[in-house]
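Encoded as structure tokens, the structure appears first; notes follow it.
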Amino acid sequence: MAQLLVRKLDESLVSKLKRRAREHGVSTEEEHRRILAEALARSTSETPTLAEFLLSAEGIAAPEAELDIQRSRRPEFRDTGF
């Protein structure tokens, strides 16, 4: 198997990776492998949903925030005058 060395990582990123690994009960290396495999398995033309973006590393502006989405069972139609 090949090895990958990643240099010049921000300490906060490393801390997040270690925390995520602990939450999943795996080593930091295993979590890193899983993240890489998941990211590279996606199609490059695949556009994430809003929820996926907000839950991704790119979209997280406030990690303590919770996302609560409710969808109405009935679509609402506006009278556009046509």
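Identifiers in this document derive from the order of the structure tokens: chains are assigned A, B, ..., residues are numbered from 1 separately in each chain, and ligands are numbered from 1 in order of occurrence.
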Fill in: Residues within 12 Å of stretch 22-35 of chain A, only C-alpha atoms, excluding chain neighbours under 5 positions, as a PyMOL selection string
chain A and resi 2-6+13-17+40-42+56-57
For the residues in that selection, give me C-alpha atoms as a PDB file, in the first residue's frame.
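Heads up, here's the output in again.pdb:
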ATOM      1  CA  ALA A   2       1.081   3.553  -0.683  1.00  0.00           C
ATOM      2  CA  GLN A   3       1.688   6.151   1.991  1.00  0.00           C
ATOM      3  CA  LEU A   4       0.737   9.804   1.984  1.00  0.00           C
ATOM      4  CA  LEU A   5       2.449  12.509   4.010  1.00  0.00           C
ATOM      5  CA  VAL A   6       0.574  15.778   4.378  1.00  0.00           C
ATOM      6  CA  LEU A  13      -7.740  20.937  11.361  1.00  0.00           C
ATOM      7  CA  VAL A  14      -5.671  18.192  12.978  1.00  0.00           C
ATOM      8  CA  SER A  15      -7.658  18.599  16.205  1.00  0.00           C
ATOM      9  CA  LYS A  16     -10.940  18.276  14.303  1.00  0.00           C
ATOM     10  CA  LEU A  17      -9.676  15.149  12.558  1.00  0.00           C
ATOM     11  CA  LEU A  40     -12.802  11.080  -4.028  1.00  0.00           C
ATOM     12  CA  ALA A  41     -15.693   8.674  -4.610  1.00  0.00           C
ATOM     13  CA  ARG A  42     -18.059  11.561  -5.366  1.00  0.00           C
ATOM     14  CA  SER A  56     -19.564  19.706   5.083  1.00  0.00           C
ATOM     15  CA  ALA A  57     -16.225  21.182   6.080  1.00  0.00           C
TER      16      ALA A  57
END
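With atom CA of A:Leu36 on one side and atom CA of A:Leu50 on the other, the separation reads 21.2 Å.
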